[in-house]
Amino acid sequence: MQGTIDSPETAVAVRYSGGLDQAGLPGPEAWDTARQVFFASDWKGQNVDPNRQTTVAVLWSPEELFLRFRCHYRTLTVFKQSDPGGRRDHLWDRDVAEIFLQPPGREARNYWEFEIAPNGMWIDLEISAGAKRDPQSGMRSRVFVDQNTQIWVAELAIPMRVLDPQFDPSQAWRVNFFRVEGAAEPRFYSAWQGTHTPQPNFHVPEAFGELRFQTK
């Protein structure tokens, strides 16, 4: 496997053995132990905008993968309607934070996609050769928006049995993190690992970085 824990192409998920709150998510203090990755440039690695910087932290337990996005924003654009549980198709047509995950053993173009919006709407998808399927993953989430600082925060919990039934923390996964912001083109498409396509396109698994699982 390429990359090291301290390389800019590697994110680290820290082992979490603490309790969960009433929402089934780690409390605020849990994230103090997490390692973070940052990005503020577009999908080509250009046009850095600190006012749209995204910070991502990842925790894991044998049962679940936990993610936290901290998103600086200029404006917020969201859908007004969703399914009763908050799921919204084509969520990427408004502001979102996204994670693409590819556990070991999957085909090159088979991976998971999870998105969360500033108003709490979400979508989960399994991608296979360009086709998208509703996996009914059981993902849980919550969102906070601070209009004074212009930061929104999203936390996700995804069952590990859905992501990888044979989960082995010694094996690295492939991963990428993204943001989309803006009501109309040109929107701001930002990426942790740039995809460098002529037009904005996040579905480039060749550009994914690594997610390693810290066990101690």
# chains A, B, ... in the order shown; residues from 1 in each chain; ligands from 1

$ residues_around --residues "region 31-46 of chain A" --least-positions-apart "2" --cutoff "6 Å" --atoms "only C-alpha atoms" --output "PyMOL selection string"
chain A and resi 14+28-29+48-50+52-57+189-192+194-196

$ atom_distance --atom1 "CA of Val143 (chain A)" --atom2 "CA of Glu9 (chain A)"
26.8 Å

$ atom_distance --atom1 "CA of Gln81 (chain A)" --atom2 "CA of Asn119 (chain A)"
10.4 Å

$ atom_distance --atom1 "CA of Asp124 (chain A)" --atom2 "CA of Phe69 (chain A)"
16.0 Å

$ residues_around --residues "region 198-208 of chain A" --least-positions-apart "5" --cutoff "12 Å" --atoms "only C-alpha atoms" --output "ChimeraX atom specification"
/A:2-3,8-11,42-45,92,97-103,106-113,127-132,172-180,185-193

$ select_by_dssp --residues "region 128-204 of chain A" --states "strand (DSSP E or B)" --output "ChimeraX atom specification"
/A:128,131-133,140-146,151-159,173-181,188-191

$ select_by_dssp --residues "region 66-202 of chain A" --states "alpha helix (DSSP H)" --output "MDAnalysis selection string"
chainID A and resid 160:163

$ write_last_selection --atoms "N, CA and C atoms" --output "compact mmCIF listing (two decimals), in the first residue's frame"
# COMPACT_ATOMS: atom_id res chain seq x y z
N MET A 160 -20.41 -0.29 10.40
CA MET A 160 -19.27 -0.93 9.76
C MET A 160 -19.69 -2.20 9.02
N ARG A 161 -20.70 -2.91 9.52
CA ARG A 161 -21.13 -4.16 8.87
C ARG A 161 -21.66 -3.89 7.46
N VAL A 162 -22.17 -2.66 7.23
CA VAL A 162 -22.64 -2.30 5.90
C VAL A 162 -21.45 -1.96 4.99
N LEU A 163 -20.51 -1.20 5.54
CA LEU A 163 -19.37 -0.76 4.74
C LEU A 163 -18.45 -1.92 4.36

$ closest_residue --among "A:Phe79, A:Phe167, A:Trp122, A:Phe144" --to "Ala183 (chain A)" --atoms "only C-alpha atoms"
A:Phe79

$ residues_around --residues "Gln150 (chain A)" --least-positions-apart "2" --cutoff "6 Å" --atoms "only C-alpha atoms" --output "number ranges by chain"
A: 72-73, 146-148

$ write_last_selection --atoms "N, CA and C atoms" --output "CSV table (one decimal), in the first residue's frame"
chain,number,residue,atom,x,y,z
A,72,HIS,N,-16.4,25.9,6.7
A,72,HIS,CA,-16.6,27.4,6.6
A,72,HIS,C,-17.4,27.6,5.3
A,73,TYR,N,-18.3,28.6,5.4
A,73,TYR,CA,-19.1,28.9,4.2
A,73,TYR,C,-19.3,30.4,4.0
A,146,ASP,N,-23.6,27.6,12.7
A,146,ASP,CA,-23.3,28.8,13.5
A,146,ASP,C,-23.3,30.0,12.5
A,147,GLN,N,-24.3,30.8,12.4
A,147,GLN,CA,-24.4,31.9,11.5
A,147,GLN,C,-23.4,33.0,11.8
A,148,ASN,N,-23.1,33.1,13.1
A,148,ASN,CA,-22.1,34.2,13.5
A,148,ASN,C,-20.7,33.9,13.0

$ residues_around --residues "region 83-88 of chain A" --least-positions-apart "6" --cutoff "12 Å" --atoms "only C-alpha atoms" --output "list in words"
Arg94, Val96, Phe114, Glu115, Ile116, Ala117, Pro118, Asn119, Gly120, Met121, Trp122, Ile123, Asp124, Leu125, Asp134, Gln136, Ser137, Gly138, Met139, Arg140, Ser141 and Arg142 of chain A

$ residues_around --residues "Gly19 (chain A)" --least-positions-apart "6" --cutoff "12 Å" --atoms "only C-alpha atoms" --output "ChimeraX atom specification"
/A:25-30,61

$ write_last_selection --atoms "C-alpha atoms" --output "PDB file, in the first residue's frame"
ATOM      1  CA  LEU A  25     -22.914   9.722  18.107  1.00  0.00           C
ATOM      2  CA  PRO A  26     -19.706  10.529  20.003  1.00  0.00           C
ATOM      3  CA  GLY A  27     -19.902  13.581  22.262  1.00  0.00           C
ATOM      4  CA  PRO A  28     -17.950  16.785  21.539  1.00  0.00           C
ATOM      5  CA  GLU A  29     -14.970  15.763  23.678  1.00  0.00           C
ATOM      6  CA  ALA A  30     -14.413  12.617  21.609  1.00  0.00           C
ATOM      7  CA  SER A  61     -15.064   1.358  16.411  1.00  0.00           C
TER       8      SER A  61
END
